[in-house]
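Novice: A single structure is presented below for examination.
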Amino acid sequence: MSANPTHRTSGAPGIREPLIHAEGLVKKFGAFTAVDGIDFDVQPGEAFGFLGPNGAGKSSTMRMIGCTSPISGGTLRLFGLDPATHGREIRKRLGVVPQLDSLDSELTVEENLIIYGRYFDLSRAEARRRAGELLEFVQLSDRAKSRVEPLSGGMKRRVTIARSLINQPDLLLLDEPTTGLDPQARHILWDRLYRLKQQGVTLVLTTHYMDEAEQLCDRLVVMDAGRIAAEGSPRRLIEQHATREVLELRFPAGANAENEHFAIGLGERHELLPDRVLVYVNDGDQALASVIAAGAKPESALVRRSTLEDVFLHLTGRTLVE
Amino acid sequence: MSTMPLLRIVPPVVRAARRPQRMLERQMMCYRNTWPILLSGFFEPLFYLLSIRVGIGKLVGDVTVGNHVLTYAEFVAPAMMASSAMNGAVYDSTMNVFHKLKYARTYDAVLATPMGIGDVALGEIGWALVRGLLYATAFLMTMAVLGLTSSWWVLISLPVCVLIGFAFAAVGMASTTYMRAWTDFEFVPTVTMPLFLFSATFYPVSSYGSWAWVVQLSPLYHGVALIRAANAGTASWGIVGHVVFLLTMAFAGLWVVSRRLQFLLLK
Ligand SMILES: Nc1ncnc2c1ncn2[C@@H]1O[C@H](COP(=O)(O)OP(=O)(O)OP(=O)(O)O)[C@@H](O)[C@H]1O
Ligand SMILES: [Mg+2]
């Protein structure tokens, strides 16, 4: 995955320079290693995701990419530039949606966007014009003159996204864009992000929602404890690390472990969770029939397609959202 | 490019600042919504001056400094002006900055743009200066109306107020970066109050006797001395010392602010 940087920068024809190139990237806080040597490349136009549970090191990675956190080891290049020496130039081309909203509570929604544009050296008129357009884009024109405080979580997130677009970034960094939002608000946001992707904006996002990763990402890495556990498109990851279908068996509370033996040898493998047993098979209905025939009495049974959640469980032995 | 030796007293991140004026712009936007708050700063000095002129001045009588004889109000007015510059700068660089640093994540948002630590430091300190200059101007006009000014040299007190503001805003902001919670700010008045009372504000430095050297350690004393000199229109070599003292304090503060902001915001 990591091409030799000397080849890459030699400008050989046909080799597209990645927008982000990371090799052996490390982030330490004192003695603690939050990001433990990760490699990845992001190509222009791609939607790239970091999927991982709390504390995996997603935000630490995003902040290094955003040039607001110095790297502790390895190599990081954005647009071929080194954040340590060209932070300002790089940040000029980035849009950043941080995990925690950082809207200016002393200003109105519209002023938030305008002053942000001014930080990027836009003229006042241009900043005002773009602010109007972007509020339209995130469907918040009617709240332009409102203060930030009274807005709902989903609205604040949309304002933050609008703000991150004020400089027409080449690369948009979104750290858990929809965490804490209700399903409707999430769908509005996904739709807006999808449109940006269609306009050719490169997206890098973190999430611990597998449906979000599946919806938005062309390619993703599964992160756990500061390392990359797997990399690929959502589809390929599922193909590689899970079966086509999953049979979920729920036994009465506390009885899942004693019924585990029904799952053995049934499919490719199985996982015992506190509240259910997952059996990885190619034909879920057939597997269910054999379990019942063997005398199992689950409280409920469900056949579904494999998801990234299953991939994660397989790779790390843990569920994504605890 | 080689750096001119004199510029080395400026921290590197501050030298790298390109857009500190944007932070000022942000402040002005904030006050566009809440400008009445600004007015309060004009009234404070007015009340001070009136109370001294009408009340205390009558009781105390004249003060002799060197070979000048001043009414008490003429003696105290420059000290009030210097104290007001100090208070304004401290106010702007402590609570206000702390909120933006710890709770509102304002600076985190700013630093995700081409703005840098130097822009934040200079911009925020610069705002304290702009506001201080506004208040000092109002103060000076009040003094003139009350007949407390003695020569055109008094206009020099305006840049002096900016210098006092710079020194106290830089050190105020530096202290703020060490604050952990709002309760830590209770230490601020325990520093500014004695400065206000014992910086040759209400009586000449000569009346402190053998303790005069302690007074000279107070940065406010140097500010007061500068404004008194401006108002009296008298120049002496001592002025250089006062200016150097305040400049040293300002740049020391700026160094600490730069280091600490970098440590706190660019982890
Ligand atoms: N400034 C810091 N100082 C010390 N430790 C930190 C700091 N920031 C993050 N960490 C630690 O680094 C690890 C990774 O944190 P990070 O925020 O990158 O995780 P994350 O994947 O974004 O998690 P989440 O899903 O909860 O946002 C955590 O154990 C965290 O406690
Ligand atoms: Mg995070």
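Within each chain, counting starts at residue 1; across the structure tokens, chains are named A, B, ... in the order shown, with ligands numbered 1 upward in that order.
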Run DSSP on the backbone of this structure and report the residues of range 222-265 of chain A it assigns to helix (DSSP H, G or I), as a list in words.

Specialist: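 The helix (DSSP H, G or I) subset of range 222-265 of chain A is Pro234, Arg235, Arg236, Leu237, Ile238, Glu239, Gln240, His241, Glu260, His261, Phe262 and Ala263 of chain A.
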
Novice: Which residues are close to range 113-130 of chain B, i.e. within 7 Å by only C-alpha atoms, leaving aside same-chain residues fewer than 6 positions away? Reply as a list in words.

Specialist: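 Contacts, with the query itself left out: Arg88, Glu89, Arg91, Lys92, Tyr119 and Phe120 of chain A; Val13, Val14, Ala16, Ala17, Arg18, Arg19, Pro20, Gln21, Met23, Leu24, Ala89, Asp92, Val162, Gly165, Phe166, Ala169, Ala170, Val257, Ser258, Leu261 and Gln262 of chain B.
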
Novice: Residues up to 12 Å from ligand 2, counting only C-alpha atoms and all ligand atoms: could you list those as number ranges by chain?

Specialist: A: 34, 50-63, 97-100, 174-177, 179, 205-208, 223, 226

Novice: Deliver the residues from the most recent selection as a file, using N, CA, C and O atoms, as a compact mmCIF listing (two decimals), in the first residue's frame.

Specialist:
# COMPACT_ATOMS: atom_id res chain seq x y z
N ALA A 34 -1.19 6.74 21.08
CA ALA A 34 -2.58 6.77 20.63
C ALA A 34 -2.70 6.24 19.20
O ALA A 34 -3.70 5.60 18.85
N PHE A 50 -12.32 6.12 8.51
CA PHE A 50 -11.70 5.41 9.64
C PHE A 50 -12.83 4.89 10.50
O PHE A 50 -13.60 5.68 11.04
N LEU A 51 -12.94 3.56 10.58
CA LEU A 51 -13.99 2.96 11.38
C LEU A 51 -13.33 2.37 12.61
O LEU A 51 -12.35 1.64 12.50
N GLY A 52 -13.88 2.69 13.78
CA GLY A 52 -13.25 2.14 14.98
C GLY A 52 -13.99 2.56 16.23
O GLY A 52 -14.73 3.54 16.21
N PRO A 53 -13.79 1.82 17.32
CA PRO A 53 -14.50 2.13 18.56
C PRO A 53 -13.88 3.32 19.29
O PRO A 53 -12.88 3.88 18.83
N ASN A 54 -14.42 3.69 20.43
CA ASN A 54 -13.87 4.77 21.25
C ASN A 54 -12.41 4.51 21.57
O ASN A 54 -12.04 3.39 21.91
N GLY A 55 -11.61 5.55 21.43
CA GLY A 55 -10.21 5.45 21.82
C GLY A 55 -9.32 4.74 20.81
O GLY A 55 -8.16 4.47 21.08
N ALA A 56 -9.85 4.45 19.61
CA ALA A 56 -9.06 3.74 18.60
C ALA A 56 -7.93 4.60 18.07
O ALA A 56 -6.94 4.09 17.54
N GLY A 57 -8.08 5.94 18.20
CA GLY A 57 -7.06 6.84 17.66
C GLY A 57 -7.52 7.57 16.41
O GLY A 57 -6.72 8.18 15.71
N LYS A 58 -8.83 7.55 16.17
CA LYS A 58 -9.36 8.20 14.97
C LYS A 58 -9.16 9.72 15.01
O LYS A 58 -8.63 10.32 14.08
N SER A 59 -9.58 10.33 16.12
CA SER A 59 -9.46 11.78 16.22
C SER A 59 -8.00 12.21 16.23
O SER A 59 -7.64 13.23 15.63
N SER A 60 -7.17 11.45 16.90
CA SER A 60 -5.75 11.79 16.92
C SER A 60 -5.20 11.81 15.50
O SER A 60 -4.43 12.70 15.13
N THR A 61 -5.60 10.82 14.71
CA THR A 61 -5.17 10.77 13.31
C THR A 61 -5.71 11.97 12.53
O THR A 61 -4.97 12.63 11.79
N MET A 62 -7.00 12.27 12.74
CA MET A 62 -7.61 13.38 12.01
C MET A 62 -6.93 14.70 12.34
O MET A 62 -6.76 15.56 11.48
N ARG A 63 -6.56 14.88 13.61
CA ARG A 63 -5.93 16.14 13.99
C ARG A 63 -4.53 16.26 13.39
O ARG A 63 -4.08 17.36 13.06
N VAL A 97 -14.30 19.48 10.05
CA VAL A 97 -15.45 19.36 10.95
C VAL A 97 -14.96 18.56 12.16
O VAL A 97 -14.80 17.35 12.08
N PRO A 98 -14.66 19.24 13.27
CA PRO A 98 -14.10 18.53 14.42
C PRO A 98 -15.16 17.70 15.13
O PRO A 98 -16.35 17.91 14.95
N GLN A 99 -14.68 16.75 15.95
CA GLN A 99 -15.62 15.88 16.66
C GLN A 99 -16.55 16.70 17.57
O GLN A 99 -17.74 16.45 17.63
N LEU A 100 -15.97 17.67 18.27
CA LEU A 100 -16.77 18.52 19.15
C LEU A 100 -16.99 19.85 18.45
O LEU A 100 -16.04 20.47 17.98
N LEU A 174 -13.98 15.03 8.29
CA LEU A 174 -15.17 15.00 9.14
C LEU A 174 -14.97 13.99 10.26
O LEU A 174 -14.89 12.79 10.02
N ASP A 175 -14.88 14.49 11.49
CA ASP A 175 -14.67 13.60 12.63
C ASP A 175 -16.02 13.31 13.27
O ASP A 175 -16.59 14.17 13.94
N GLU A 176 -16.50 12.10 13.06
CA GLU A 176 -17.81 11.67 13.55
C GLU A 176 -18.89 12.69 13.23
O GLU A 176 -19.50 13.27 14.13
N PRO A 177 -19.16 12.86 11.93
CA PRO A 177 -20.10 13.92 11.55
C PRO A 177 -21.51 13.75 12.11
O PRO A 177 -22.19 14.74 12.32
N THR A 179 -22.47 11.63 14.92
CA THR A 179 -22.63 11.03 16.23
C THR A 179 -23.59 11.87 17.10
O THR A 179 -23.47 13.08 17.16
N LEU A 205 -13.46 10.68 6.64
CA LEU A 205 -14.31 10.75 7.81
C LEU A 205 -14.03 9.63 8.79
O LEU A 205 -13.49 8.60 8.43
N THR A 206 -14.39 9.89 10.04
CA THR A 206 -14.30 8.83 11.04
C THR A 206 -15.71 8.54 11.51
O THR A 206 -16.58 9.40 11.45
N THR A 207 -15.91 7.34 11.95
CA THR A 207 -17.24 7.00 12.44
C THR A 207 -17.13 5.75 13.29
O THR A 207 -16.18 4.99 13.18
N HIS A 208 -18.09 5.55 14.20
CA HIS A 208 -18.21 4.20 14.72
C HIS A 208 -19.56 3.61 14.36
O HIS A 208 -20.03 2.70 14.99
N MET A 223 -9.90 0.57 12.39
CA MET A 223 -8.87 0.93 13.36
C MET A 223 -9.22 0.39 14.72
O MET A 223 -10.37 0.40 15.13
N GLY A 226 -5.14 2.04 18.04
CA GLY A 226 -4.05 2.76 17.40
C GLY A 226 -3.46 2.10 16.17
O GLY A 226 -2.52 2.60 15.58

Novice: Tell me the residues of chain B close to chain A, meaning within 7 Å using only C-alpha atoms, as a PyMOL selection string.

Specialist: chain B and resi 22+26+30+104-106+109+111-115+266-267

Novice: Could you please take those selected residues and save N, CA and C atoms as a compact mmCIF listing (two decimals), in the first residue's frame?

Specialist:
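Contents of the output file selection-v5.txt:
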# COMPACT_ATOMS: atom_id res chain seq x y z
N ARG B 22 -7.44 39.66 11.89
CA ARG B 22 -8.70 38.92 11.78
C ARG B 22 -9.31 38.66 13.16
N ARG B 26 -12.98 39.69 14.42
CA ARG B 26 -13.91 38.82 15.13
C ARG B 26 -14.48 39.53 16.36
N CYS B 30 -18.32 40.52 17.41
CA CYS B 30 -18.96 40.17 18.68
C CYS B 30 -19.63 41.38 19.29
N ALA B 104 -15.22 27.35 24.82
CA ALA B 104 -15.84 27.59 23.52
C ALA B 104 -15.02 26.96 22.39
N ARG B 105 -13.78 26.52 22.68
CA ARG B 105 -12.90 25.98 21.65
C ARG B 105 -12.75 26.94 20.46
N THR B 106 -12.87 28.23 20.76
CA THR B 106 -12.77 29.23 19.70
C THR B 106 -11.42 29.15 18.99
N ALA B 109 -10.93 26.24 16.59
CA ALA B 109 -11.54 26.48 15.29
C ALA B 109 -10.67 27.41 14.46
N LEU B 111 -7.47 27.82 14.59
CA LEU B 111 -6.20 27.21 14.19
C LEU B 111 -6.37 26.15 13.10
N ALA B 112 -7.61 25.76 12.81
CA ALA B 112 -7.83 24.83 11.70
C ALA B 112 -7.79 25.57 10.36
N THR B 113 -7.64 26.87 10.38
CA THR B 113 -7.55 27.69 9.17
C THR B 113 -6.09 28.12 8.99
N PRO B 114 -5.80 28.94 7.99
CA PRO B 114 -4.40 29.37 7.84
C PRO B 114 -3.89 30.23 9.00
N MET B 115 -4.75 30.58 9.93
CA MET B 115 -4.29 31.37 11.09
C MET B 115 -3.37 30.52 11.96
N LEU B 266 -1.95 22.94 20.29
CA LEU B 266 -1.41 22.10 19.22
C LEU B 266 -0.80 20.85 19.83
N LYS B 267 -1.65 20.06 20.48
CA LYS B 267 -1.17 18.86 21.17
C LYS B 267 -0.95 17.73 20.18

Novice: Can you tell me how far CA of Arg53 in chain B sits from CA of Pro204 in chain B, in Å to one decimal?

Specialist: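 We find that CA of Arg53 in chain B and CA of Pro204 in chain B lie 17.8 Å from each other.
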
Novice: Which value, in Å to one decimal, gives the distance between CA of Leu140 in chain A and CA of Tyr103 in chain B?

Specialist: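 Calculated distance between CA of Leu140 in chain A and CA of Tyr103 in chain B is 25.0 Å.
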
Novice: Determine the nearest neighbour of Leu19 in chain A from the options A:Gln168, A:Thr178, A:Thr202, A:Thr85, counting only C-alpha atoms.

Specialist: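 Checking each candidate against Leu19 in chain A, we get A:Thr202 as the closest.
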
Novice: Residues at most 12 Å from range 66-72 of chain B, counting only C-alpha atoms, excluding those fewer than 5 positions away in the same chain, as a PyMOL selection string?

Specialist: chain B and resi 49+51-61+77-79+147-150+201-206+228-229+231-234

Novice: Please list as a list in words every residue within 9 Å of range 36-41 of chain A, counting only C-alpha atoms and excluding residues in the same chain fewer than 4 positions away.

Specialist: Met1, Ser2, Pro18, Leu19, Ile20, His21, Ala22, Glu23, Gly24, Leu25, Val26, Lys27, Lys28, Gly57, Gly73, Gly74, Val221, Ala225, Gly226, Arg227, Ile228 and Glu231 of chain A

Novice: Which distance in Å separates CA of Leu101 in chain B and CA of Pro159 in chain B, to one decimal?

Specialist: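 So the answer is 28.8 Å.
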